[in-house]
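A.B. asks: structure-v9.tsv is reproduced in full below (TSV, C-alpha atoms).
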```tsv
chain	number	residue	atom	x	y	z
C	5	MET	CA	124.99	124.88	118.94
C	6	SER	CA	125.92	121.19	118.91
C	7	ALA	CA	127.81	119.92	115.87
C	8	ALA	CA	129.13	116.72	114.32
C	9	ILE	CA	132.85	116.45	113.66
C	10	ARG	CA	132.67	113.22	111.64
C	11	ILE	CA	130.49	110.14	111.32
C	12	PHE	CA	131.46	106.68	110.03
C	13	GLN	CA	128.62	104.42	108.92
C	14	GLY	CA	128.80	100.77	107.84
C	15	LYS	CA	127.63	97.26	108.59
C	16	PHE	CA	128.77	97.76	112.20
C	17	GLY	CA	126.25	100.60	112.60
C	18	ARG	CA	127.51	104.14	113.18
C	19	VAL	CA	130.34	105.82	115.04
C	20	ALA	CA	129.87	109.54	115.57
C	21	LEU	CA	132.22	112.16	117.00
C	22	LEU	CA	129.89	114.83	118.34
C	23	ASN	CA	130.56	118.26	119.82
C	24	MET	CA	127.65	118.75	122.20
C	25	ASP	CA	126.47	121.80	124.11
C	26	ALA	CA	122.69	121.28	124.31
C	27	PRO	CA	120.37	118.56	125.62
C	28	LEU	CA	118.46	116.04	123.49
C	29	VAL	CA	114.92	114.74	123.85
C	30	TYR	CA	114.21	111.27	125.21
C	31	HIS	CA	114.67	108.79	122.37
C	32	ALA	CA	115.79	105.22	121.71
C	33	HIS	CA	117.78	103.13	119.21
C	34	HIS	CA	117.71	99.55	118.04
C	35	HIS	CA	121.50	99.62	118.50
C	36	CYS	CA	123.74	98.73	121.42
C	37	HIS	CA	124.78	102.26	122.34
C	38	ILE	CA	128.14	103.14	123.99
C	39	LEU	CA	129.11	106.71	124.85
C	40	LEU	CA	132.58	107.92	125.79
C	41	LYS	CA	133.74	111.43	126.59
C	42	VAL	CA	136.75	112.56	124.51
C	43	GLU	CA	137.31	116.07	125.87
C	44	GLY	CA	135.56	119.09	127.32
C	45	CYS	CA	133.30	119.34	130.35
C	46	ASP	CA	131.71	116.39	132.10
C	47	ALA	CA	128.12	115.64	131.14
C	48	ALA	CA	125.46	112.98	131.73
C	49	PHE	CA	122.81	110.84	130.08
C	50	ALA	CA	119.40	110.26	131.60
C	51	ILE	CA	118.50	106.58	131.22
C	52	ASN	CA	114.96	105.80	132.32
C	53	GLU	CA	115.08	109.17	134.11
C	54	THR	CA	118.21	108.32	136.16
C	55	LEU	CA	121.31	110.41	135.43
C	56	GLN	CA	124.46	108.48	134.49
C	57	PRO	CA	127.74	110.47	134.51
C	58	LEU	CA	129.86	110.78	131.38
C	59	THR	CA	133.40	111.69	132.42
C	60	ASP	CA	137.02	110.99	131.53
C	61	ASP	CA	136.80	107.87	133.70
C	62	THR	CA	133.29	106.55	132.92
C	63	ALA	CA	131.39	105.31	129.90
C	64	VAL	CA	127.60	105.26	129.54
C	65	LEU	CA	126.00	102.09	128.14
C	66	VAL	CA	122.47	102.15	126.72
C	67	ASN	CA	120.64	98.95	125.83
C	68	ALA	CA	118.67	98.63	122.62
C	69	TRP	CA	115.23	100.23	122.93
C	70	GLU	CA	116.13	101.84	126.24
C	71	PRO	CA	114.81	105.43	126.47
C	72	HIS	CA	117.58	107.92	127.13
C	73	ALA	CA	118.48	111.58	126.67
C	74	TYR	CA	121.67	113.64	126.66
C	75	ARG	CA	121.86	116.17	129.48
C	76	HIS	CA	124.33	119.04	129.20
C	77	PRO	CA	124.98	120.46	132.69
C	78	PRO	CA	123.41	123.93	133.12
C	79	GLU	CA	126.57	125.09	134.91
C	80	SER	CA	128.53	124.25	131.75
C	81	ALA	CA	126.55	126.57	129.48
C	82	GLY	CA	128.83	127.87	126.75
C	83	ARG	CA	131.22	124.95	127.16
C	84	ARG	CA	131.24	121.84	124.99
C	85	THR	CA	131.58	118.10	125.47
C	86	VAL	CA	133.13	116.03	122.67
C	87	ILE	CA	131.53	112.57	122.68
C	88	LEU	CA	132.49	109.40	120.84
C	89	ALA	CA	129.12	107.72	120.30
C	90	LEU	CA	128.95	104.09	119.14
C	91	TYR	CA	125.68	102.83	117.66
C	92	ILE	CA	126.40	99.13	117.18
C	93	GLU	CA	124.25	96.80	115.07
C	94	PRO	CA	123.42	93.66	117.12
C	95	GLY	CA	123.79	91.49	114.01
C	96	TRP	CA	127.35	92.70	113.41
C	97	LEU	CA	128.25	92.04	117.03
C	98	ALA	CA	126.80	88.53	116.92
C	99	ALA	CA	128.61	87.71	113.66
C	100	ILE	CA	131.99	88.38	115.28
C	101	GLN	CA	131.48	85.30	117.50
C	102	HIS	CA	133.21	86.77	120.55
C	103	PRO	CA	132.23	85.55	124.03
C	104	LEU	CA	130.74	88.93	124.90
C	105	ALA	CA	128.22	88.60	122.05
C	106	TYR	CA	125.60	86.86	124.14
C	107	GLY	CA	122.18	87.43	125.53
C	108	SER	CA	119.09	88.75	123.88
C	109	GLY	CA	116.57	91.53	123.91
C	110	SER	CA	117.19	94.87	125.55
C	111	GLY	CA	119.19	93.52	128.52
C	112	TYR	CA	122.57	93.29	126.82
C	113	PHE	CA	124.36	95.70	129.17
C	114	PRO	CA	123.97	94.68	132.82
C	115	GLN	CA	124.62	98.23	134.06
C	116	PRO	CA	124.31	101.70	132.52
C	117	CYS	CA	127.60	103.28	133.62
C	118	VAL	CA	131.05	101.70	134.00
C	119	ALA	CA	134.56	102.81	134.90
C	120	ILE	CA	136.89	102.59	131.91
C	121	SER	CA	140.42	101.26	131.98
C	122	GLY	CA	143.55	103.01	130.79
C	123	ARG	CA	143.51	100.80	127.70
C	124	ALA	CA	139.93	101.78	126.90
C	125	ARG	CA	140.82	105.46	127.36
C	126	LYS	CA	143.76	105.10	124.96
C	127	LEU	CA	141.72	103.24	122.32
C	128	ALA	CA	138.90	105.81	122.49
C	129	ASP	CA	141.34	108.70	122.06
C	130	GLN	CA	143.02	106.93	119.12
C	131	LEU	CA	139.69	106.29	117.40
C	132	ALA	CA	138.63	109.91	117.95
C	133	ALA	CA	141.95	111.15	116.52
C	134	GLU	CA	141.47	108.96	113.45
C	135	MET	CA	138.02	110.42	112.92
C	136	CYS	CA	139.43	113.95	113.15
C	137	SER	CA	141.88	113.24	110.34
C	138	ASN	CA	141.00	113.54	106.67
C	139	ASP	CA	142.05	109.97	105.91
C	140	GLU	CA	139.46	107.57	104.51
C	141	PRO	CA	138.91	104.62	106.87
C	142	ILE	CA	139.92	101.13	105.74
C	143	PRO	CA	136.85	98.97	106.57
C	144	ALA	CA	138.56	95.88	108.04
C	145	SER	CA	141.07	97.93	110.01
C	146	PHE	CA	138.44	100.31	111.37
C	147	GLU	CA	136.12	97.49	112.40
C	148	HIS	CA	138.99	95.76	114.21
C	149	ARG	CA	139.83	98.90	116.20
C	150	LEU	CA	136.17	99.52	116.92
C	151	PHE	CA	135.73	96.01	118.29
C	152	GLU	CA	138.90	96.30	120.36
C	153	LEU	CA	137.45	99.42	121.96
C	154	MET	CA	134.13	97.70	122.65
C	155	VAL	CA	135.88	94.71	124.23
C	156	SER	CA	137.99	96.95	126.45
C	157	VAL	CA	134.86	98.75	127.72
C	158	ILE	CA	132.41	95.84	127.97
C	159	ASP	CA	134.43	92.68	128.60
C	160	PRO	CA	134.82	93.18	132.37
C	161	LEU	CA	131.02	93.08	132.62
C	162	HIS	CA	130.87	89.65	130.99
C	163	LEU	CA	133.71	87.71	132.57
C	164	HIS	CA	131.34	85.60	134.64
C	165	ARG	CA	128.63	85.22	132.02
C	166	ASP	CA	127.84	82.24	129.81
C	167	GLY	CA	129.20	83.14	126.38
C	168	SER	CA	127.62	80.20	124.58
C	169	ARG	CA	124.45	82.06	123.57
C	170	ALA	CA	124.39	84.29	120.52
C	171	ILE	CA	122.90	87.75	120.72
C	172	LEU	CA	119.45	88.11	119.17
C	173	PRO	CA	118.09	91.21	117.44
C	174	ALA	CA	116.86	93.47	120.21
C	175	SER	CA	113.61	94.17	118.38
C	176	ARG	CA	112.61	90.52	117.83
C	177	ILE	CA	108.99	90.65	118.97
C	178	ALA	CA	106.99	87.50	119.60
C	179	ASP	CA	103.48	88.96	119.69
C	180	ARG	CA	102.19	88.88	116.11
C	181	ARG	CA	99.68	91.66	116.79
C	182	ILE	CA	102.44	94.08	117.74
C	183	ARG	CA	104.54	92.88	114.80
C	184	ARG	CA	101.59	93.61	112.51
C	185	ALA	CA	101.25	97.12	113.95
C	186	ILE	CA	104.98	97.77	113.51
C	187	ALA	CA	104.84	96.58	109.90
C	188	PHE	CA	102.03	99.10	109.37
C	189	MET	CA	104.08	101.84	111.05
C	190	ARG	CA	107.06	101.07	108.82
C	191	ALA	CA	104.93	101.16	105.67
C	192	ASN	CA	103.33	104.48	106.63
C	193	LEU	CA	106.20	106.63	107.88
C	194	GLY	CA	104.88	109.52	105.83
C	195	ALA	CA	101.59	109.58	107.74
C	196	GLU	CA	100.95	111.31	111.04
C	197	PRO	CA	101.38	108.72	113.84
C	198	ASP	CA	97.94	107.69	115.10
C	199	VAL	CA	97.67	105.25	118.00
C	200	GLU	CA	94.02	104.52	117.21
C	201	THR	CA	94.93	103.33	113.71
C	202	MET	CA	97.89	101.32	115.00
C	203	ALA	CA	95.66	99.65	117.59
C	204	ALA	CA	93.12	98.79	114.89
C	205	GLN	CA	95.88	97.17	112.82
C	206	ALA	CA	96.77	95.05	115.85
C	207	GLY	CA	93.14	94.21	116.55
C	208	LEU	CA	93.34	95.66	120.05
C	209	SER	CA	91.72	98.47	121.96
C	210	ARG	CA	93.79	101.64	122.24
C	211	ALA	CA	94.55	101.07	125.95
C	212	HIS	CA	95.42	97.38	125.52
C	213	PHE	CA	97.55	98.13	122.47
C	214	TYR	CA	99.50	100.83	124.28
C	215	THR	CA	100.19	98.52	127.22
C	216	MET	CA	101.14	95.57	125.02
C	217	PHE	CA	103.38	97.73	122.84
C	218	ARG	CA	105.38	98.96	125.83
C	219	LEU	CA	105.69	95.43	127.21
C	220	CYS	CA	106.99	94.13	123.87
C	221	THR	CA	109.32	96.99	122.88
C	222	ASN	CA	110.13	98.89	126.10
C	223	VAL	CA	109.05	102.16	124.43
C	224	THR	CA	105.81	103.89	123.46
C	225	PRO	CA	104.40	103.70	119.92
C	226	HIS	CA	105.38	107.36	119.45
C	227	VAL	CA	109.02	106.75	120.38
C	228	TYR	CA	109.14	103.64	118.19
C	229	THR	CA	107.80	105.60	115.24
C	230	ASN	CA	110.47	108.23	115.83
C	231	VAL	CA	113.16	105.51	115.78
C	232	LEU	CA	111.86	104.26	112.43
C	233	ARG	CA	111.75	107.81	111.08
C	234	MET	CA	115.28	108.61	112.23
C	235	GLU	CA	116.76	105.42	110.78
C	236	GLN	CA	114.99	105.98	107.47
C	237	ALA	CA	116.19	109.57	107.36
C	238	ILE	CA	119.78	108.56	108.17
C	239	ASN	CA	119.82	105.92	105.44
C	240	ASP	CA	118.35	108.37	102.92
C	241	LEU	CA	120.82	111.09	103.87
C	242	SER	CA	123.86	108.82	103.65
C	243	GLY	CA	122.79	106.70	100.69
C	244	GLY	CA	121.60	109.28	98.17
C	245	GLN	CA	121.31	112.91	97.16
C	246	MET	CA	117.58	113.43	97.57
C	247	PRO	CA	117.01	117.11	98.43
C	248	ILE	CA	116.26	117.52	102.10
C	249	ALA	CA	113.00	119.33	101.35
C	250	LEU	CA	111.79	116.32	99.35
C	251	LEU	CA	113.04	113.88	101.97
C	252	SER	CA	111.15	115.88	104.58
C	253	GLU	CA	107.97	115.62	102.54
C	254	HIS	CA	108.36	111.86	102.08
C	255	MET	CA	108.80	111.48	105.82
C	256	GLY	CA	105.48	113.24	106.44
C	257	PHE	CA	106.72	116.57	107.81
C	258	SER	CA	104.66	119.58	106.80
C	259	ALA	CA	107.75	121.75	106.32
C	260	PRO	CA	111.53	121.13	106.00
C	261	GLY	CA	112.08	123.18	109.14
C	262	HIS	CA	109.97	120.74	111.17
C	263	PHE	CA	112.06	117.83	109.91
C	264	THR	CA	115.28	119.69	110.71
C	265	ARG	CA	114.08	120.42	114.24
C	266	PHE	CA	113.03	116.78	114.74
C	267	PHE	CA	116.43	115.52	113.53
C	268	ARG	CA	118.36	117.96	115.72
C	269	GLN	CA	116.29	117.11	118.81
C	270	HIS	CA	117.23	113.43	118.43
C	271	LEU	CA	120.84	113.61	117.22
C	272	GLY	CA	121.98	117.13	118.05
C	273	ILE	CA	122.76	118.08	114.44
C	274	THR	CA	120.85	119.01	111.29
C	275	PRO	CA	120.14	116.64	108.37
C	276	SER	CA	122.39	118.67	106.05
C	277	GLU	CA	125.22	118.47	108.57
C	278	TYR	CA	124.80	114.71	108.86
C	279	ARG	CA	125.06	114.35	105.09
C	280	ARG	CA	128.15	116.58	105.03
C	281	VAL	CA	130.15	114.70	107.67
C	282	VAL	CA	129.10	111.06	107.14
C	283	ASN	CA	131.56	108.61	105.58
C	284	LEU	CA	130.36	105.22	104.37
C	285	VAL	CA	132.91	102.67	105.53
C	286	ASP	CA	131.03	99.97	103.64
C	287	ALA	CA	128.69	101.60	101.16
C	288	THR	CA	126.90	98.30	100.39
C	289	THR	CA	125.37	97.98	103.84
C	290	HIS	CA	122.94	100.04	105.84
C	291	GLY	CA	121.41	99.51	109.25
C	292	SER	CA	117.93	98.06	109.44
C	293	ILE	CA	115.51	97.40	112.23
C	294	GLU	CA	114.35	93.82	112.52
C	295	ILE	CA	111.00	93.09	114.15
```
Spell out the structure here as C-alpha cells.
C.D. replies:
Amino acid sequence: MSAAIRIFQGKFGRVALLNMDAPLVYHAHHHCHILLKVEGCDAAFAINETLQPLTDDTAVLVNAWEPHAYRHPPESAGRRTVILALYIEPGWLAAIQHPLAYGSGSGYFPQPCVAISGRARKLADQLAAEMCSNDEPIPASFEHRLFELMVSVIDPLHLHRDGSRAILPASRIADRRIRRAIAFMRANLGAEPDVETMAAQAGLSRAHFYTMFRLCTNVTPHVYTNVLRMEQAINDLSGGQMPIALLSEHMGFSAPGHFTRFFRQHLGITPSEYRRVVNLVDATTHGSIEI
C-alpha cells in the first residue's frame, strides 16, 4: 500500500515524499509538477497516454492541467518507489522573477522527461533527507533550496528562451462562458457533477460545452471537478480539524469510504494520512486555483 513519508505545504505549493507501490488514476493539477525518484525501483508516469520513465537519471515534468497517471511496473510488484513530488504554484514561481519563470498556460515545460545532472541528483537527495528528519522547516531556507532544485532540473530547458515574459496562471481562461461554468462548479462542489447543468450555466449545448471546456482547460469537466475537489480537500485537511466524515459529507460523497477511495486514487494516500504527515511551512497561505 502506498504511503506518504512527509509533506510540506506553503505558498510555493506542496512538496511530498511518497512511497509508492500502486498506480494512480488519470488526474491533473493546476500546479507545475516535477517528479524525481529518490530510491527504489524505476517507475513511470503516463502523460497523455505516453509513458515517461522515472529513474535515478531522469525527472518527469508535467504541465499544469496536463492529464497524467502514476504507473508502477507490474514486474516490480511488492517493491516500492520513493518519489519526491513537487507541486509548484505558478504565482510563487512568477514572483521569484527568475529567467525561467516565463511563458503562460499549460505549455510551461517544453518536454515531459529530462535527464538530470549530478547537481540536481544531489539537491533532490538533500531535500528528501531533510523531509525524512523530524526538524521543522525554516520557510525562507526551504524555499531557497526548493528553487535551487527546480533551477537545476529545469534551467537547461530554458537557456535559449526569452525570459522577459512572466508566467501566467495556467488556468486563466478567456472564454467567459467556461469561466461562468467553472465558478458554478466551484460553488457546488458538494453536488454530484452534472455536465448538463454545467452546460446550462455556460449557455451552451452539452456537446458544444464539452468541446469548448476541453479546448479551454485541456481536461474534461469531470477531471476539472476532481481537481477542485482535491484542492479543497487538501486545504481543509491541512488547515483545520474538521472530522473526515464531515469533510466527506461537505464534499458531496455519500460515505466517508467513498471519499477515502477518491483521495487515494488521486494521491496514493488516505485523507487521514495526509493530515498526519503534512507540515505547513507558511500557515498563512494556501494554494488556490485561479480561473
A.B. asks: If you count all atoms listed in the file, which residues fall within 7 Å of stretch 215-220 of chain C, apart from same-chain ones fewer than 4 positions away, as an MDAnalysis selection string?
C.D. replies: chainID C and resid 177 182 211 224:225
A.B. asks: Taking 2 positions as the minimum chain separation for residues in the same chain, which residues sit within 10 Å of stretch 71-84 of chain C when counting all atoms listed in the file? Answer as a CSV table (one decimal) with C-alpha atoms, in the frame of the given file.
C.D. replies:
```
chain,number,residue,atom,x,y,z
C,5,MET,CA,125.0,124.9,118.9
C,6,SER,CA,125.9,121.2,118.9
C,7,ALA,CA,127.8,119.9,115.9
C,22,LEU,CA,129.9,114.8,118.3
C,23,ASN,CA,130.6,118.3,119.8
C,24,MET,CA,127.6,118.8,122.2
C,25,ASP,CA,126.5,121.8,124.1
C,26,ALA,CA,122.7,121.3,124.3
C,27,PRO,CA,120.4,118.6,125.6
C,28,LEU,CA,118.5,116.0,123.5
C,29,VAL,CA,114.9,114.7,123.8
C,30,TYR,CA,114.2,111.3,125.2
C,31,HIS,CA,114.7,108.8,122.4
C,32,ALA,CA,115.8,105.2,121.7
C,33,HIS,CA,117.8,103.1,119.2
C,43,GLU,CA,137.3,116.1,125.9
C,44,GLY,CA,135.6,119.1,127.3
C,45,CYS,CA,133.3,119.3,130.4
C,46,ASP,CA,131.7,116.4,132.1
C,47,ALA,CA,128.1,115.6,131.1
C,48,ALA,CA,125.5,113.0,131.7
C,49,PHE,CA,122.8,110.8,130.1
C,50,ALA,CA,119.4,110.3,131.6
C,51,ILE,CA,118.5,106.6,131.2
C,52,ASN,CA,115.0,105.8,132.3
C,53,GLU,CA,115.1,109.2,134.1
C,54,THR,CA,118.2,108.3,136.2
C,55,LEU,CA,121.3,110.4,135.4
C,56,GLN,CA,124.5,108.5,134.5
C,57,PRO,CA,127.7,110.5,134.5
C,58,LEU,CA,129.9,110.8,131.4
C,66,VAL,CA,122.5,102.2,126.7
C,67,ASN,CA,120.6,99.0,125.8
C,68,ALA,CA,118.7,98.6,122.6
C,69,TRP,CA,115.2,100.2,122.9
C,86,VAL,CA,133.1,116.0,122.7
C,87,ILE,CA,131.5,112.6,122.7
C,222,ASN,CA,110.1,98.9,126.1
C,223,VAL,CA,109.0,102.2,124.4
C,224,THR,CA,105.8,103.9,123.5
C,227,VAL,CA,109.0,106.8,120.4
C,269,GLN,CA,116.3,117.1,118.8
C,270,HIS,CA,117.2,113.4,118.4
C,271,LEU,CA,120.8,113.6,117.2
C,272,GLY,CA,122.0,117.1,118.0
```
A.B. asks: Draw an axis-aligned box tight on the listed atoms of stretch 176-193 of chain C, then pad every side by 4 Å and write out centre and edge lengths in Å to one decimal as AutoDock Vina command-line options.
C.D. replies:
```
--center_x 106.1 --center_y 97.1 --center_z 112.7 --size_x 20.9 --size_y 27.1 --size_z 22.0
```
A.B. asks: Report as a ChimeraX atom specification all protein, DNA and RNA residues lying within 12 Å of C:Leu88, evaluated on all atoms listed in the file, omitting residues in the same chain fewer than 2 positions from it.
C.D. replies: /C:8-12,18-24,37-43,58-60,63-64,85-86,90-91,125,127-136,150,153-154
A.B. asks: Write the residues of the selection above to a file with C-alpha atoms, as a short mmCIF file (atom, residue, chain, number, x, y, z; two decimals), in the frame of the given file.
C.D. replies:
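Dumped everything to again-v5.cif:
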```
data_model
loop_
_atom_site.label_atom_id
_atom_site.label_comp_id
_atom_site.auth_asym_id
_atom_site.auth_seq_id
_atom_site.Cartn_x
_atom_site.Cartn_y
_atom_site.Cartn_z
CA ALA C 8 129.13 116.72 114.32
CA ILE C 9 132.85 116.45 113.66
CA ARG C 10 132.67 113.22 111.64
CA ILE C 11 130.49 110.14 111.32
CA PHE C 12 131.46 106.68 110.03
CA ARG C 18 127.51 104.14 113.18
CA VAL C 19 130.34 105.82 115.04
CA ALA C 20 129.87 109.54 115.57
CA LEU C 21 132.22 112.16 117.00
CA LEU C 22 129.89 114.83 118.34
CA ASN C 23 130.56 118.26 119.82
CA MET C 24 127.65 118.75 122.20
CA HIS C 37 124.78 102.26 122.34
CA ILE C 38 128.14 103.14 123.99
CA LEU C 39 129.11 106.71 124.85
CA LEU C 40 132.58 107.92 125.79
CA LYS C 41 133.74 111.43 126.59
CA VAL C 42 136.75 112.56 124.51
CA GLU C 43 137.31 116.07 125.87
CA LEU C 58 129.86 110.78 131.38
CA THR C 59 133.40 111.69 132.42
CA ASP C 60 137.02 110.99 131.53
CA ALA C 63 131.39 105.31 129.90
CA VAL C 64 127.60 105.26 129.54
CA THR C 85 131.58 118.10 125.47
CA VAL C 86 133.13 116.03 122.67
CA LEU C 90 128.95 104.09 119.14
CA TYR C 91 125.68 102.83 117.66
CA ARG C 125 140.82 105.46 127.36
CA LEU C 127 141.72 103.24 122.32
CA ALA C 128 138.90 105.81 122.49
CA ASP C 129 141.34 108.70 122.06
CA GLN C 130 143.02 106.93 119.12
CA LEU C 131 139.69 106.29 117.40
CA ALA C 132 138.63 109.91 117.95
CA ALA C 133 141.95 111.15 116.52
CA GLU C 134 141.47 108.96 113.45
CA MET C 135 138.02 110.42 112.92
CA CYS C 136 139.43 113.95 113.15
CA LEU C 150 136.17 99.52 116.92
CA LEU C 153 137.45 99.42 121.96
CA MET C 154 134.13 97.70 122.65
#
```
A.B. asks: So that I can check the surroundings of C:Phe257, please list as a PyMOL selection string every protein, DNA and RNA residue that reaches within 12 Å of it, counting all atoms listed in the file and ignoring chain neighbours fewer than 5 positions away.
C.D. replies: chain C and resi 193-197+233+237+248-252+262-267
A.B. asks: If you count all atoms listed in the file, which residues fall within 9 Å of C:Phe146, apart from same-chain ones fewer than 5 positions away, as a ChimeraX atom specification?
C.D. replies: /C:131,141,151,285
A.B. asks: Residues proximal to (97.7, 103.3, 117.5) were defined as those with any atom within 10 Å of that point in the file's coordinates, counting only C-alpha atoms. Which are they, as a ChimeraX atom specification?
C.D. replies: /C:185-186,189,197-206,208-211,213-214,217,225-226
A.B. asks: Calculated over all atoms listed in the file, which of the candidates C:Gly256, C:Gly243, C:Gly17, C:Pro116 has the smallest distance to C:Glu93?
C.D. replies: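 So, comparing all the options, the nearest one is C:Gly17.
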A.B. asks: How many Å separate atom CA of C:Pro94 from atom CA of C:Ser145?
C.D. replies: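 We find that atom CA of C:Pro94 and atom CA of C:Ser145 lie 19.5 Å from each other.
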A.B. asks: For atom CA of C:Arg268 and atom CA of C:Val231, quote the distance in Å rounded to one decimal.
C.D. replies: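 These two atoms are separated by 13.5 Å.
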A.B. asks: How many Å lie between atom CA of C:Cys36 and atom CA of C:Ile92, rounded to one decimal?
C.D. replies: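 Taking atom CA of C:Cys36 as the start and atom CA of C:Ile92 as the end point, the length is 5.0 Å.
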